[in-house]
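> Take a look at this one; I'll ask things after.
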Amino acid sequence: MRQWEKPAGDPTPNPKSIVEGDGYRITVLTPRLLRLEQAEGNSFTDAQTQAVANRRFDFSPFQVRLKGKALELRTDFLRLVYDGGPFSSNGLSIEVFSGINGIWHYGSRPSLIGGTARTLDEADGEVPLVDSIFSKQGYALINDSRSLFIEPDGWVSPRNPCVDLYFFAYGNDFLGGLEDFYKLAGSSPMLPRWALGNWWSRFHPYTDSEYLDLIQKFNDSGIPLCVSVLDMDWHVTSVDHKLGTGWTGYSWNRELLPDPEGFLQKLHSKGLKVTLNVHPADGVRSHEDAYSDMANRLGVASNFMDKIQFDVANREFMEAYFEFLHHPLEDAGVDFWWIDWQQQGGSSLDGVDPLWMLNHFHYADIKRKKERPLVLSRYAGTGSHRYPLGFSGDTCITWKSLEFQPKFTSAASCAGYGWWSHDIGGHFKGIHSAELQIRWLQLGVFSPIMRLHSSNSRFSSKDPWRLGPEMAQIATNFLRLRHSLIPYIYTMMELFNRTGAPLIQPMFFREPTAPDLWGQYWFGTQLIACPITSPMDQSTKLGGFKAWLPKGIWHDIFTGETYDGGRFLNLHRGIETIPVLAKAGAIIPISQEFENGAQNPARISLWVFSGSQGEFSLYEDNGAKPESIAQAITRFTLDSSGLTISAPDGDASLVPENRVYQVKFMGFGKGAVSAEKWDEEQGAAFVTVKAGREKAFVPVKNAAPESRIAERVFSLLQKAEIEYDLKRDIYDLTLRSASKVALLGELEAMSLPRPLASALTEIVAARIGERM
């Protein structure tokens, strides 16, 4: 029998952390994390499960007071009271002291904060969320009672009836709770670097020449791609009705792709990785190339051409499933798999979720290769984060769907699920709207994964040139931006893997007193993304976003506008941008190389923002798995004297020796640096630094930026579709006003249309203390 790789971790807890009595066991994993078990005859087992990989935490002191069968257990953060009998609402309670003082009684359910869902299939707006480890009462639970055991050889087995709960009492310490969650359930793995670039996907029966011509058109348009997704038409879909439908398949459609290996080699030669879609539910039918091998292995009489049923709980079937159906295709050039499981059933063992089994074993199987493993599949419950990526399913092409996706993505971090991949642009139904597609694409750039996708409708493909020249250029700019952000996102991914701090975080993760906002979110440590998810106002031609900014100074990375934080702001942007705000002192590494693939770049733009000291450590590696990884860290430090670029720490050979930095200073004012170029519109200075692998320094002087209120107002009025006389009156008023207070007062007295008045207020009141 094959040995399957298990998750990393030691499932055996520290014996000193256990309190055990007649039929129960309580394990103090941390002062805020308890395991609560009840089992007949004290038949407790410390195996890995679907949800839990590790219970070996450092010992945390606690106090226990016994009185007969009853006990009271205390840590610095909670107090457990238990009568010693069967768990019940009257007999077991936990009081939480974590800033949010709640009391849990056995069986009660708290009001969760965030969470995630199995799929967004057919969703047109919000769906219910589950599995968060945070709540408004300061506690939450993971119920692991029915989870499968992961055996020493990596296979799974059912467990005996029991109660097995994990009680999280982290209040509003969201990052602390996640850190311990990942220690318990396993860390979020490092993805291959190329997974962070642009993906092309479409449900369409491409011929090989048609597909290669499309990839060439992307290249000719200056749009880099990293991943090529082949939906189900790669395999034979037209089958005899007696065999069933064509959704499941493992045999190349040679009418469309007559030379599959040659086709895959050409995609690889263009710098692309390739994934194939697979719907395994219908098993293996007699028309498949691998049918005879499967039938012989499994003892099916192949001369009768009986269908081989899909059975994820049958070990012999699963070994043959990989050996005959998947490995030959991987040998031909397939890099990873898109597991499109939507069905019920598929298992001979009651209680087994085939989706979780497919995720677990596909990920374990692909680990046999030299590259970092990856699968694309739906969420299958707590522990699914160990098998990235998440495929969120077939959403409707509507503004309601778009509006929900920022919340869905950031809320998933509350369940420890940080790598969702959405159908950017939506999948099916809905309406055609170039504005909607652009706004969705802008969200995709600031999402964990940027995967364009569409249904098999001939009208809904997401290739940018279908949008017309102006919109196509905006789409191209953002797709290029996504590719250029790979160094930043990759660094954030390493931080996520190492510390448990996700790439996407709700605002309250770092600002517990922040308003309950889901539309905006932290995108890494340096940026706040505010995607616009509603149609623009037709008079101003601006989309709007009501944002809340933490205290401090914030810079829009696109416009160069600077804002004072600690307040709500109505932000307005044309279709060409969305509000993405960098904190004061932010340093963001941006690749200036736009070829397919995702190598460590020789040309990097550093976006450096004024207002505070700052530091950023760029992480790069050789792309290997943990056992053979080599790493390099390049530190950028901003202080009152200037910007320091350190020599790389670690394996310097990973850094191109001819590396050049184009430093873009934003918000510093003209004359702050000895600039080669000054961008008047953004208020940005550019300096080129040929650092290679050596230390470098760029001096910065104190130079206050000039007010650009009049220029901003003129630009707004130039595009607005309003009366010319009104444009003149507003602009003349702006030029003659002596103060911001006076200007705001006179604008209010003009009783302007609300969208126009709000956009003008944003410009005038961006910096409260700035002069006119």
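Just so we're on the same page: first chain in the structure tokens is A, next is B, and so on; residues restart at 1 for each chain, and ligands are numbered from 1 in the order they show up.
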Using only C-alpha atoms, which residues sit within 10 Å of A:Arg498 once same-chain residues fewer than 4 positions away are excluded, as an NGL selection string?
:A and (179 or 182 or 187-190 or 492-494)
> For stretch 509-582 of chain A versus stretch 119-143 of chain A, which residues have an atom no more than 12 Å away, and what is each residue's nearest atom pair and distance in Å rounded to one decimal, using only C-alpha atoms, chain-then-number order, as CSV?

residue,atom,partner,partner_atom,distance
A:Phe509,CA,A:Phe134,CA,10.9
A:Pro512,CA,A:Lys136,CA,11.9
A:Asp516,CA,A:Lys136,CA,11.3
A:Thr533,CA,A:Gly125,CA,11.7
> Which one is closest to A:Ala411: A:Glu330, A:Pro469, A:Gly552, A:Ile504? Count only C-alpha atoms.
A:Ile504
> Please provide as a compact mmCIF listing (two decimals) with C-alpha atoms, in the first residue's frame all residues within 9 Å of A:Lys541, with the sequence filter that same-chain residues fewer than 3 positions apart are discarded (counting only C-alpha atoms).

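Printed below is part-v3.txt as written:
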# COMPACT_ATOMS: atom_id res chain seq x y z
CA MET A 536 -20.50 55.33 -11.18
CA ASP A 537 -22.48 58.55 -10.97
CA GLN A 538 -23.24 59.58 -14.53
CA ARG A 573 -12.55 57.73 -8.61
CA GLY A 574 -13.01 57.53 -12.34
CA ILE A 575 -13.11 54.15 -14.04
CA LYS A 719 -14.61 65.37 -16.83
CA ALA A 720 -17.95 66.13 -15.15
CA GLU A 721 -21.00 66.29 -17.39
> For A:Ser484, work out the shell of residues within 8 Å, counting only C-alpha atoms and skipping chain neighbours fewer than 2 positions away, then give it as a PyMOL selection string.
chain A and resi 480-482+486-487+590-594
> Looking at A:Phe324, A:Tyr563, A:Phe263, A:Phe174, which one is nearest to A:Gln505, with distances taken over only C-alpha atoms?
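Closest candidate: A:Phe174.
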> Could you find all residues in stretch 375-442 of chain A that DSSP calls helix (DSSP H, G or I) from the backbone, and write them as a list in words?
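Filtering stretch 375-442 of chain A to helix (DSSP H, G or I) leaves Ser384, His385, Arg386, Trp399, Lys400, Ser401, Leu402, Glu403, Phe404, Gln405, Pro406, Lys407, Phe408, Thr409, Ser410, Ala411, Ala412, Ser413, Cys414, Ala415, Ala434, Glu435, Leu436, Gln437, Ile438, Arg439, Trp440, Leu441 and Gln442 of chain A.
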> Atoms to include: N, CA and C atoms. Write the selected residues as a PDB file, in the first residue's frame.

ATOM      1  N   SER A 384      -9.013  23.120   5.622  1.00  0.00           N
ATOM      2  CA  SER A 384      -8.851  23.198   4.165  1.00  0.00           C
ATOM      3  C   SER A 384      -7.741  24.156   3.755  1.00  0.00           C
ATOM      4  N   HIS A 385      -7.352  25.058   4.657  1.00  0.00           N
ATOM      5  CA  HIS A 385      -6.280  25.996   4.317  1.00  0.00           C
ATOM      6  C   HIS A 385      -4.971  25.290   4.028  1.00  0.00           C
ATOM      7  N   ARG A 386      -4.830  24.049   4.474  1.00  0.00           N
ATOM      8  CA  ARG A 386      -3.579  23.306   4.216  1.00  0.00           C
ATOM      9  C   ARG A 386      -3.462  22.867   2.767  1.00  0.00           C
ATOM     10  N   TRP A 399     -23.647  43.296 -10.167  1.00  0.00           N
ATOM     11  CA  TRP A 399     -23.050  44.195  -9.181  1.00  0.00           C
ATOM     12  C   TRP A 399     -23.214  43.635  -7.771  1.00  0.00           C
ATOM     13  N   LYS A 400     -24.301  42.931  -7.494  1.00  0.00           N
ATOM     14  CA  LYS A 400     -24.491  42.348  -6.161  1.00  0.00           C
ATOM     15  C   LYS A 400     -23.410  41.317  -5.853  1.00  0.00           C
ATOM     16  N   SER A 401     -23.057  40.497  -6.845  1.00  0.00           N
ATOM     17  CA  SER A 401     -21.985  39.522  -6.640  1.00  0.00           C
ATOM     18  C   SER A 401     -20.658  40.220  -6.387  1.00  0.00           C
ATOM     19  N   LEU A 402     -20.369  41.238  -7.197  1.00  0.00           N
ATOM     20  CA  LEU A 402     -19.126  41.973  -7.007  1.00  0.00           C
ATOM     21  C   LEU A 402     -19.078  42.635  -5.639  1.00  0.00           C
ATOM     22  N   GLU A 403     -20.185  43.221  -5.213  1.00  0.00           N
ATOM     23  CA  GLU A 403     -20.214  43.924  -3.931  1.00  0.00           C
ATOM     24  C   GLU A 403     -19.896  42.981  -2.772  1.00  0.00           C
ATOM     25  N   PHE A 404     -20.296  41.717  -2.875  1.00  0.00           N
ATOM     26  CA  PHE A 404     -20.079  40.758  -1.778  1.00  0.00           C
ATOM     27  C   PHE A 404     -18.650  40.221  -1.740  1.00  0.00           C
ATOM     28  N   GLN A 405     -17.970  40.189  -2.857  1.00  0.00           N
ATOM     29  CA  GLN A 405     -16.669  39.494  -2.883  1.00  0.00           C
ATOM     30  C   GLN A 405     -15.600  40.102  -1.983  1.00  0.00           C
ATOM     31  N   PRO A 406     -15.476  41.437  -1.841  1.00  0.00           N
ATOM     32  CA  PRO A 406     -14.488  41.928  -0.868  1.00  0.00           C
ATOM     33  C   PRO A 406     -14.765  41.440   0.549  1.00  0.00           C
ATOM     34  N   LYS A 407     -16.044  41.454   0.956  1.00  0.00           N
ATOM     35  CA  LYS A 407     -16.390  40.934   2.278  1.00  0.00           C
ATOM     36  C   LYS A 407     -16.083  39.450   2.374  1.00  0.00           C
ATOM     37  N   PHE A 408     -16.491  38.696   1.375  1.00  0.00           N
ATOM     38  CA  PHE A 408     -16.273  37.251   1.402  1.00  0.00           C
ATOM     39  C   PHE A 408     -14.784  36.932   1.546  1.00  0.00           C
ATOM     40  N   THR A 409     -13.941  37.661   0.834  1.00  0.00           N
ATOM     41  CA  THR A 409     -12.513  37.374   0.851  1.00  0.00           C
ATOM     42  C   THR A 409     -11.886  37.740   2.188  1.00  0.00           C
ATOM     43  N   SER A 410     -12.204  38.920   2.707  1.00  0.00           N
ATOM     44  CA  SER A 410     -11.591  39.319   3.976  1.00  0.00           C
ATOM     45  C   SER A 410     -12.193  38.557   5.157  1.00  0.00           C
ATOM     46  N   ALA A 411     -13.500  38.263   5.101  1.00  0.00           N
ATOM     47  CA  ALA A 411     -14.133  37.512   6.189  1.00  0.00           C
ATOM     48  C   ALA A 411     -13.556  36.113   6.317  1.00  0.00           C
ATOM     49  N   ALA A 412     -13.088  35.536   5.202  1.00  0.00           N
ATOM     50  CA  ALA A 412     -12.522  34.185   5.238  1.00  0.00           C
ATOM     51  C   ALA A 412     -11.273  34.117   6.111  1.00  0.00           C
ATOM     52  N   SER A 413     -10.583  35.244   6.275  1.00  0.00           N
ATOM     53  CA  SER A 413      -9.411  35.244   7.148  1.00  0.00           C
ATOM     54  C   SER A 413      -9.803  34.934   8.585  1.00  0.00           C
ATOM     55  N   CYS A 414     -11.045  35.216   8.971  1.00  0.00           N
ATOM     56  CA  CYS A 414     -11.517  34.878  10.319  1.00  0.00           C
ATOM     57  C   CYS A 414     -11.671  33.375  10.511  1.00  0.00           C
ATOM     58  N   ALA A 415     -11.702  32.632   9.417  1.00  0.00           N
ATOM     59  CA  ALA A 415     -11.752  31.165   9.468  1.00  0.00           C
ATOM     60  C   ALA A 415     -10.402  30.551   9.129  1.00  0.00           C
ATOM     61  N   ALA A 434     -19.146  46.881 -19.379  1.00  0.00           N
ATOM     62  CA  ALA A 434     -17.702  47.104 -19.366  1.00  0.00           C
ATOM     63  C   ALA A 434     -17.266  47.698 -18.035  1.00  0.00           C
ATOM     64  N   GLU A 435     -18.084  48.571 -17.480  1.00  0.00           N
ATOM     65  CA  GLU A 435     -17.749  49.167 -16.177  1.00  0.00           C
ATOM     66  C   GLU A 435     -17.680  48.086 -15.106  1.00  0.00           C
ATOM     67  N   LEU A 436     -18.664  47.188 -15.083  1.00  0.00           N
ATOM     68  CA  LEU A 436     -18.676  46.101 -14.110  1.00  0.00           C
ATOM     69  C   LEU A 436     -17.440  45.226 -14.263  1.00  0.00           C
ATOM     70  N   GLN A 437     -17.070  44.900 -15.496  1.00  0.00           N
ATOM     71  CA  GLN A 437     -15.904  44.043 -15.701  1.00  0.00           C
ATOM     72  C   GLN A 437     -14.626  44.725 -15.225  1.00  0.00           C
ATOM     73  N   ILE A 438     -14.484  46.021 -15.513  1.00  0.00           N
ATOM     74  CA  ILE A 438     -13.284  46.734 -15.076  1.00  0.00           C
ATOM     75  C   ILE A 438     -13.221  46.801 -13.552  1.00  0.00           C
ATOM     76  N   ARG A 439     -14.327  47.113 -12.908  1.00  0.00           N
ATOM     77  CA  ARG A 439     -14.323  47.178 -11.449  1.00  0.00           C
ATOM     78  C   ARG A 439     -14.001  45.816 -10.835  1.00  0.00           C
ATOM     79  N   TRP A 440     -14.487  44.747 -11.451  1.00  0.00           N
ATOM     80  CA  TRP A 440     -14.201  43.403 -10.937  1.00  0.00           C
ATOM     81  C   TRP A 440     -12.718  43.076 -11.138  1.00  0.00           C
ATOM     82  N   LEU A 441     -12.196  43.457 -12.271  1.00  0.00           N
ATOM     83  CA  LEU A 441     -10.779  43.215 -12.538  1.00  0.00           C
ATOM     84  C   LEU A 441      -9.909  43.996 -11.538  1.00  0.00           C
ATOM     85  N   GLN A 442     -10.307  45.235 -11.224  1.00  0.00           N
ATOM     86  CA  GLN A 442      -9.559  46.027 -10.243  1.00  0.00           C
ATOM     87  C   GLN A 442      -9.575  45.354  -8.874  1.00  0.00           C
TER      88      GLN A 442
END
> My list of candidates is A:Pro656, A:Pro755, A:Gly107, A:Pro705. Which is closest to A:Gly544 when distances are computed with only C-alpha atoms?
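Between A:Pro656, A:Pro755, A:Gly107, A:Pro705, the residue approaching A:Gly544 most closely is A:Pro755.
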> I'd like the neighbourhood of stretch 347-361 of chain A as a ChimeraX atom specification, where a residue qualifies if any of its atoms comes within 7 Å (using only C-alpha atoms), though same-chain residues fewer than 4 positions away should be ignored.
/A:311-313,341,365,377,380,387
> Write the residues you've just listed into a file as a PDB file, in the first residue's frame, and include N, CA and C atoms for each of them.

ATOM      1  N   ASP A 311     -15.014   6.159  -5.950  1.00  0.00           N
ATOM      2  CA  ASP A 311     -15.150   5.872  -4.525  1.00  0.00           C
ATOM      3  C   ASP A 311     -13.920   6.393  -3.795  1.00  0.00           C
ATOM      4  N   VAL A 312     -14.061   7.582  -3.248  1.00  0.00           N
ATOM      5  CA  VAL A 312     -12.924   8.261  -2.638  1.00  0.00           C
ATOM      6  C   VAL A 312     -12.465   7.571  -1.355  1.00  0.00           C
ATOM      7  N   ALA A 313     -13.316   6.730  -0.753  1.00  0.00           N
ATOM      8  CA  ALA A 313     -12.939   6.043   0.482  1.00  0.00           C
ATOM      9  C   ALA A 313     -12.304   4.679   0.221  1.00  0.00           C
ATOM     10  N   TRP A 341     -15.387  19.648  -7.881  1.00  0.00           N
ATOM     11  CA  TRP A 341     -16.334  18.728  -7.242  1.00  0.00           C
ATOM     12  C   TRP A 341     -17.540  19.510  -6.742  1.00  0.00           C
ATOM     13  N   ASP A 365      -0.565  13.913  -3.177  1.00  0.00           N
ATOM     14  CA  ASP A 365      -0.001  13.264  -4.357  1.00  0.00           C
ATOM     15  C   ASP A 365       0.919  14.203  -5.136  1.00  0.00           C
ATOM     16  N   SER A 377      -9.455  24.098  -5.691  1.00  0.00           N
ATOM     17  CA  SER A 377     -10.649  23.325  -5.341  1.00  0.00           C
ATOM     18  C   SER A 377     -11.492  24.102  -4.351  1.00  0.00           C
ATOM     19  N   ALA A 380     -13.620  22.854   2.015  1.00  0.00           N
ATOM     20  CA  ALA A 380     -14.240  21.642   2.568  1.00  0.00           C
ATOM     21  C   ALA A 380     -14.195  21.619   4.090  1.00  0.00           C
ATOM     22  N   TYR A 387      -4.535  23.015   1.990  1.00  0.00           N
ATOM     23  CA  TYR A 387      -4.560  22.533   0.613  1.00  0.00           C
ATOM     24  C   TYR A 387      -4.960  23.658  -0.352  1.00  0.00           C
TER      25      TYR A 387
END
> May I have the residues within 7 Å of A:Arg451 as a list in words, using only C-alpha atoms and disregarding those fewer than 3 positions away in the same chain?
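Result of the neighbour search: Asn198, Trp199, Trp200, Ser201, Ser421, His422, Asp423 and Ile424 of chain A.
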> Include N, CA and C atoms and write out the residues we just selected as a JSON list (two decimals), in the first residue's frame.

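Result file is again.json:
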[["chain", "number", "residue", "atom", "x", "y", "z"],
["A", 198, "ASN", "N", -1.04, 36.62, -13.19],
["A", 198, "ASN", "CA", -2.33, 36.59, -13.89],
["A", 198, "ASN", "C", -2.62, 35.19, -14.44],
["A", 199, "TRP", "N", -3.85, 34.75, -14.24],
["A", 199, "TRP", "CA", -4.33, 33.47, -14.77],
["A", 199, "TRP", "C", -5.34, 33.76, -15.89],
["A", 200, "TRP", "N", -5.26, 32.95, -16.95],
["A", 200, "TRP", "CA", -6.29, 33.01, -17.98],
["A", 200, "TRP", "C", -7.12, 31.73, -17.94],
["A", 201, "SER", "N", -8.44, 31.90, -17.84],
["A", 201, "SER", "CA", -9.34, 30.76, -17.78],
["A", 201, "SER", "C", -10.64, 31.11, -18.51],
["A", 421, "SER", "N", -9.56, 31.98, -4.71],
["A", 421, "SER", "CA", -9.46, 32.36, -6.12],
["A", 421, "SER", "C", -10.87, 32.48, -6.68],
["A", 422, "HIS", "N", -11.25, 33.70, -7.06],
["A", 422, "HIS", "CA", -12.59, 33.95, -7.59],
["A", 422, "HIS", "C", -12.58, 33.94, -9.12],
["A", 423, "ASP", "N", -13.75, 33.70, -9.69],
["A", 423, "ASP", "CA", -13.94, 33.92, -11.12],
["A", 423, "ASP", "C", -14.00, 35.43, -11.33],
["A", 424, "ILE", "N", -12.86, 36.04, -11.64],
["A", 424, "ILE", "CA", -12.83, 37.50, -11.76],
["A", 424, "ILE", "C", -13.62, 37.91, -13.00]]
> What's the 10 Å shell around A:Ala598, counting only C-alpha atoms, without same-chain residues fewer than 6 positions away, as an MDAnalysis selection string?
chainID A and resid 192:197 224:226 271:272 483:484 486:487 591
> Let me see the file: selected residues, all heavy atoms, as a compact mmCIF listing (two decimals), in the first residue's frame.

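Output below, filename out-v9.txt:
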# COMPACT_ATOMS: atom_id res chain seq x y z
N PRO A 192 3.60 28.39 -5.04
CA PRO A 192 4.59 28.74 -6.06
C PRO A 192 4.47 30.23 -6.40
O PRO A 192 3.37 30.78 -6.43
CB PRO A 192 4.20 27.86 -7.26
CG PRO A 192 3.34 26.78 -6.69
CD PRO A 192 2.64 27.37 -5.51
N ARG A 193 5.58 30.87 -6.68
CA ARG A 193 5.58 32.30 -6.97
C ARG A 193 4.67 32.64 -8.16
O ARG A 193 3.96 33.65 -8.15
CB ARG A 193 7.02 32.76 -7.23
CG ARG A 193 7.20 34.26 -7.41
CD ARG A 193 8.67 34.59 -7.69
NE ARG A 193 8.88 36.00 -7.90
CZ ARG A 193 9.27 36.87 -6.97
NH1 ARG A 193 9.50 36.43 -5.74
NH2 ARG A 193 9.44 38.14 -7.24
N TRP A 194 4.67 31.77 -9.17
CA TRP A 194 3.90 32.05 -10.37
C TRP A 194 2.40 32.08 -10.11
O TRP A 194 1.64 32.67 -10.89
CB TRP A 194 4.22 31.06 -11.49
CG TRP A 194 4.30 29.62 -11.08
CD1 TRP A 194 5.44 28.90 -10.85
CD2 TRP A 194 3.21 28.70 -10.87
NE1 TRP A 194 5.14 27.59 -10.50
CE2 TRP A 194 3.77 27.45 -10.51
CE3 TRP A 194 1.83 28.81 -10.96
CZ2 TRP A 194 3.00 26.33 -10.24
CZ3 TRP A 194 1.04 27.70 -10.67
CH2 TRP A 194 1.63 26.48 -10.32
N ALA A 195 1.94 31.46 -9.01
CA ALA A 195 0.50 31.45 -8.72
C ALA A 195 -0.02 32.84 -8.40
O ALA A 195 -1.24 33.07 -8.46
CB ALA A 195 0.21 30.51 -7.55
N LEU A 196 0.87 33.78 -8.11
CA LEU A 196 0.45 35.12 -7.73
C LEU A 196 0.29 36.06 -8.91
O LEU A 196 -0.13 37.21 -8.74
CB LEU A 196 1.46 35.71 -6.73
CG LEU A 196 1.72 34.86 -5.48
CD1 LEU A 196 2.74 35.51 -4.60
CD2 LEU A 196 0.41 34.60 -4.72
N GLY A 197 0.62 35.59 -10.11
CA GLY A 197 0.47 36.40 -11.31
C GLY A 197 -0.91 36.27 -11.92
O GLY A 197 -1.88 35.84 -11.27
N PRO A 224 1.29 40.27 -19.22
CA PRO A 224 1.96 39.02 -18.81
C PRO A 224 0.98 38.06 -18.15
O PRO A 224 0.08 38.46 -17.41
CB PRO A 224 3.01 39.50 -17.82
CG PRO A 224 2.48 40.79 -17.28
CD PRO A 224 1.64 41.40 -18.36
N LEU A 225 1.15 36.78 -18.43
CA LEU A 225 0.37 35.71 -17.82
C LEU A 225 1.32 34.73 -17.13
O LEU A 225 2.47 34.57 -17.54
CB LEU A 225 -0.46 34.96 -18.86
CG LEU A 225 -1.50 35.76 -19.64
CD1 LEU A 225 -2.10 34.90 -20.75
CD2 LEU A 225 -2.60 36.27 -18.72
N CYS A 226 0.80 34.05 -16.12
CA CYS A 226 1.59 33.03 -15.42
C CYS A 226 0.96 31.65 -15.49
O CYS A 226 1.67 30.65 -15.48
CB CYS A 226 1.79 33.42 -13.96
SG CYS A 226 2.98 34.75 -13.69
N GLY A 271 6.43 30.44 -20.88
CA GLY A 271 6.51 30.82 -19.48
C GLY A 271 5.28 30.54 -18.66
O GLY A 271 5.13 31.08 -17.56
N LEU A 272 4.37 29.67 -19.17
CA LEU A 272 3.11 29.41 -18.49
C LEU A 272 3.10 28.07 -17.79
O LEU A 272 3.66 27.09 -18.29
CB LEU A 272 1.96 29.45 -19.50
CG LEU A 272 1.71 30.79 -20.20
CD1 LEU A 272 0.73 30.61 -21.33
CD2 LEU A 272 1.21 31.82 -19.21
N HIS A 483 0.85 41.85 -12.13
CA HIS A 483 2.11 41.14 -12.34
C HIS A 483 3.25 41.85 -11.62
O HIS A 483 4.11 41.21 -11.02
CB HIS A 483 2.40 41.05 -13.84
CG HIS A 483 3.53 40.14 -14.17
ND1 HIS A 483 3.39 38.77 -14.27
CD2 HIS A 483 4.84 40.39 -14.42
CE1 HIS A 483 4.54 38.22 -14.58
NE2 HIS A 483 5.46 39.19 -14.67
N SER A 484 3.25 43.17 -11.66
CA SER A 484 4.33 43.92 -11.03
C SER A 484 4.28 43.85 -9.52
O SER A 484 5.29 44.06 -8.84
CB SER A 484 4.31 45.38 -11.50
OG SER A 484 3.18 46.05 -11.00
N ILE A 486 3.89 41.18 -7.77
CA ILE A 486 4.30 39.86 -7.28
C ILE A 486 5.38 39.95 -6.20
O ILE A 486 5.27 39.26 -5.17
CB ILE A 486 4.74 38.95 -8.45
CG1 ILE A 486 3.53 38.56 -9.30
CG2 ILE A 486 5.44 37.69 -7.93
CD1 ILE A 486 3.87 37.76 -10.55
N PRO A 487 6.43 40.77 -6.32
CA PRO A 487 7.42 40.82 -5.23
C PRO A 487 6.80 41.21 -3.89
O PRO A 487 7.17 40.65 -2.85
CB PRO A 487 8.42 41.88 -5.71
CG PRO A 487 8.29 41.87 -7.20
CD PRO A 487 6.84 41.60 -7.47
N SER A 591 7.78 45.08 -9.43
CA SER A 591 8.59 44.61 -10.56
C SER A 591 8.37 45.47 -11.78
O SER A 591 7.25 45.93 -12.05
CB SER A 591 8.24 43.15 -10.88
OG SER A 591 8.89 42.74 -12.07
> Select, from A:Lys690, A:Arg368, A:Lys307, A:Lys701, the residue with the minimum atom-to-atom distance to A:Ser286, counting only C-alpha atoms.
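Comparing A:Lys690, A:Arg368, A:Lys307, A:Lys701 against A:Ser286, the winner is A:Lys307.
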> Considering only C-alpha atoms, state which residue in the set A:Tyr24, A:Tyr724, A:Leu298, A:Glu95 is at the smallest distance from A:Asn314.
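Checking each of A:Tyr24, A:Tyr724, A:Leu298, A:Glu95 against A:Asn314, counting only C-alpha atoms, the winner is A:Leu298.
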> Quick one, how far is atom CA of A:Ile578 from atom CA of A:Ala472?
16.3 Å
> Between A:Glu316, A:Asn172, A:Tyr106, A:Val334, which is the closest to A:Met507 once you count only C-alpha atoms?
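Using only C-alpha atoms, A:Met507 sits closest to A:Asn172.
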